[in-house]
Amino acid sequence: KVDTIGDAYVAVGFVHSSSVEDSLYTCQSMMNVARLMLATLAKYRKNQDIDLRCRIGISRGSVYAGVLGKLQPRYQLLGKPMRVAEELEGNSMVDGVHVSEEVVAVVVAGVAEQENEYGISGGDGAD
């Protein structure tokens, strides 16, 4: 968790490598966090009889980070991925996860790389 802005909860997964494997792991981890958040809220709604819901946006890319502000200094992340994640969250269905094209591309590339590594072929098996 990096920040809470209004009713928005900001979480970030950092990758210091450009490898497909590391990017895939981080994207999958963030999607797993989203899944766990939705499951936790569903359980809470049922147990507490409170209609608490959320929308989740996930993006990836390089950001700038630093402390901004004089009266209330706060650690902030700035850049296109933050704007995209905010847009995705805002346009997501209630209790939904909306991921960027960049996240989809990493997951597709990572799965394809794993299939190649383990000799798995797609389709009907006729190569």
# chains A, B, ... in the order shown; residues from 1 in each chain; ligands from 1
$ select_by_dssp --residues "chain A" --states "alpha helix (DSSP H)" --output "NGL selection string"
:A and (20-48 or 80-91 or 101-117)
$ residues_around --residues "Glu21 of chain A" --least-positions-apart "6" --cutoff "12 Å" --atoms "only C-alpha atoms" --output "ChimeraX atom specification"
/A:15,27-28,106-114,117
$ closest_residue --among "A:Met93, A:Val2, A:Ala8, A:Met82" --to "Ile58 of chain A" --atoms "only C-alpha atoms"
A:Met82
$ select_by_dssp --residues "chain A" --states "strand (DSSP E)" --output "list in words"
Asp3, Thr4, Ile5, Ala8, Tyr9, Val10, Arg55, Ile56, Gly57, Ile58, Tyr64, Ala65, Gly66, Val67, Leu68, Arg74, Tyr75, Gln76, Leu77, Leu78, Gly96, Val97, His98 and Val99 of chain A
$ closest_residue --among "A:Arg60, A:Arg55, A:Arg83, A:Lys70" --to "Gly96 of chain A" --atoms "only C-alpha atoms"
A:Arg55
$ closest_residue --among "A:Ala42, A:Val104, A:Ile50, A:Leu77" --to "Phe14 of chain A" --atoms "only C-alpha atoms"
A:Leu77
$ decode --residues "segment 20-76 of chain A" --atoms "C-alpha atoms" --output "PDB file, in the first residue's frame"
ATOM      1  CA  VAL A  20       9.562 -11.355 -18.916  1.00  0.00           C
ATOM      2  CA  GLU A  21       9.610 -13.748 -15.960  1.00  0.00           C
ATOM      3  CA  ASP A  22       9.893 -10.960 -13.358  1.00  0.00           C
ATOM      4  CA  SER A  23       7.268  -8.836 -15.100  1.00  0.00           C
ATOM      5  CA  LEU A  24       4.916 -11.810 -15.337  1.00  0.00           C
ATOM      6  CA  TYR A  25       5.387 -12.621 -11.646  1.00  0.00           C
ATOM      7  CA  THR A  26       4.619  -9.025 -10.625  1.00  0.00           C
ATOM      8  CA  CYS A  27       1.551  -8.748 -12.885  1.00  0.00           C
ATOM      9  CA  GLN A  28       0.219 -12.082 -11.640  1.00  0.00           C
ATOM     10  CA  SER A  29       0.904 -11.036  -8.029  1.00  0.00           C
ATOM     11  CA  MET A  30      -1.015  -7.773  -8.443  1.00  0.00           C
ATOM     12  CA  MET A  31      -3.923  -9.626 -10.071  1.00  0.00           C
ATOM     13  CA  ASN A  32      -3.859 -12.100  -7.169  1.00  0.00           C
ATOM     14  CA  VAL A  33      -3.983  -9.220  -4.659  1.00  0.00           C
ATOM     15  CA  ALA A  34      -7.009  -7.869  -6.549  1.00  0.00           C
ATOM     16  CA  ARG A  35      -8.690 -11.285  -6.455  1.00  0.00           C
ATOM     17  CA  LEU A  36      -8.040 -11.591  -2.703  1.00  0.00           C
ATOM     18  CA  MET A  37      -9.400  -8.093  -2.087  1.00  0.00           C
ATOM     19  CA  LEU A  38     -12.615  -8.939  -3.919  1.00  0.00           C
ATOM     20  CA  ALA A  39     -12.967 -12.259  -2.054  1.00  0.00           C
ATOM     21  CA  THR A  40     -12.356 -10.545   1.289  1.00  0.00           C
ATOM     22  CA  LEU A  41     -14.972  -7.884   0.543  1.00  0.00           C
ATOM     23  CA  ALA A  42     -17.501 -10.552  -0.506  1.00  0.00           C
ATOM     24  CA  LYS A  43     -16.929 -12.402   2.767  1.00  0.00           C
ATOM     25  CA  TYR A  44     -17.180  -9.167   4.758  1.00  0.00           C
ATOM     26  CA  ARG A  45     -20.441  -8.233   3.002  1.00  0.00           C
ATOM     27  CA  LYS A  46     -21.921 -11.599   3.864  1.00  0.00           C
ATOM     28  CA  ASN A  47     -20.738 -11.649   7.499  1.00  0.00           C
ATOM     29  CA  GLN A  48     -21.439  -7.992   8.332  1.00  0.00           C
ATOM     30  CA  ASP A  49     -24.447  -7.429   6.068  1.00  0.00           C
ATOM     31  CA  ILE A  50     -22.804  -4.253   4.733  1.00  0.00           C
ATOM     32  CA  ASP A  51     -22.809  -3.457   1.022  1.00  0.00           C
ATOM     33  CA  LEU A  52     -19.099  -2.678   0.688  1.00  0.00           C
ATOM     34  CA  ARG A  53     -17.778  -2.931  -2.862  1.00  0.00           C
ATOM     35  CA  CYS A  54     -14.779  -1.865  -4.924  1.00  0.00           C
ATOM     36  CA  ARG A  55     -13.402  -1.383  -8.421  1.00  0.00           C
ATOM     37  CA  ILE A  56      -9.799  -2.200  -9.286  1.00  0.00           C
ATOM     38  CA  GLY A  57      -7.522  -0.878 -12.042  1.00  0.00           C
ATOM     39  CA  ILE A  58      -4.111  -2.431 -12.734  1.00  0.00           C
ATOM     40  CA  SER A  59      -1.460  -0.973 -15.032  1.00  0.00           C
ATOM     41  CA  ARG A  60       2.299  -1.275 -15.430  1.00  0.00           C
ATOM     42  CA  GLY A  61       5.230   0.849 -16.514  1.00  0.00           C
ATOM     43  CA  SER A  62       7.847   3.245 -15.230  1.00  0.00           C
ATOM     44  CA  VAL A  63       6.899   5.914 -12.704  1.00  0.00           C
ATOM     45  CA  TYR A  64       8.560   8.753 -10.848  1.00  0.00           C
ATOM     46  CA  ALA A  65       8.459   8.527  -7.060  1.00  0.00           C
ATOM     47  CA  GLY A  66       9.163  11.018  -4.333  1.00  0.00           C
ATOM     48  CA  VAL A  67       7.870  13.019  -1.411  1.00  0.00           C
ATOM     49  CA  LEU A  68       5.724  15.995  -2.407  1.00  0.00           C
ATOM     50  CA  GLY A  69       4.190  18.741  -0.286  1.00  0.00           C
ATOM     51  CA  LYS A  70       5.222  21.074   2.519  1.00  0.00           C
ATOM     52  CA  LEU A  71       2.315  21.065   4.982  1.00  0.00           C
ATOM     53  CA  GLN A  72       1.512  17.366   4.622  1.00  0.00           C
ATOM     54  CA  PRO A  73       4.407  15.702   2.804  1.00  0.00           C
ATOM     55  CA  ARG A  74       3.359  12.465   1.132  1.00  0.00           C
ATOM     56  CA  TYR A  75       5.163   9.813  -0.846  1.00  0.00           C
ATOM     57  CA  GLN A  76       3.666   9.843  -4.326  1.00  0.00           C
TER      58      GLN A  76
END
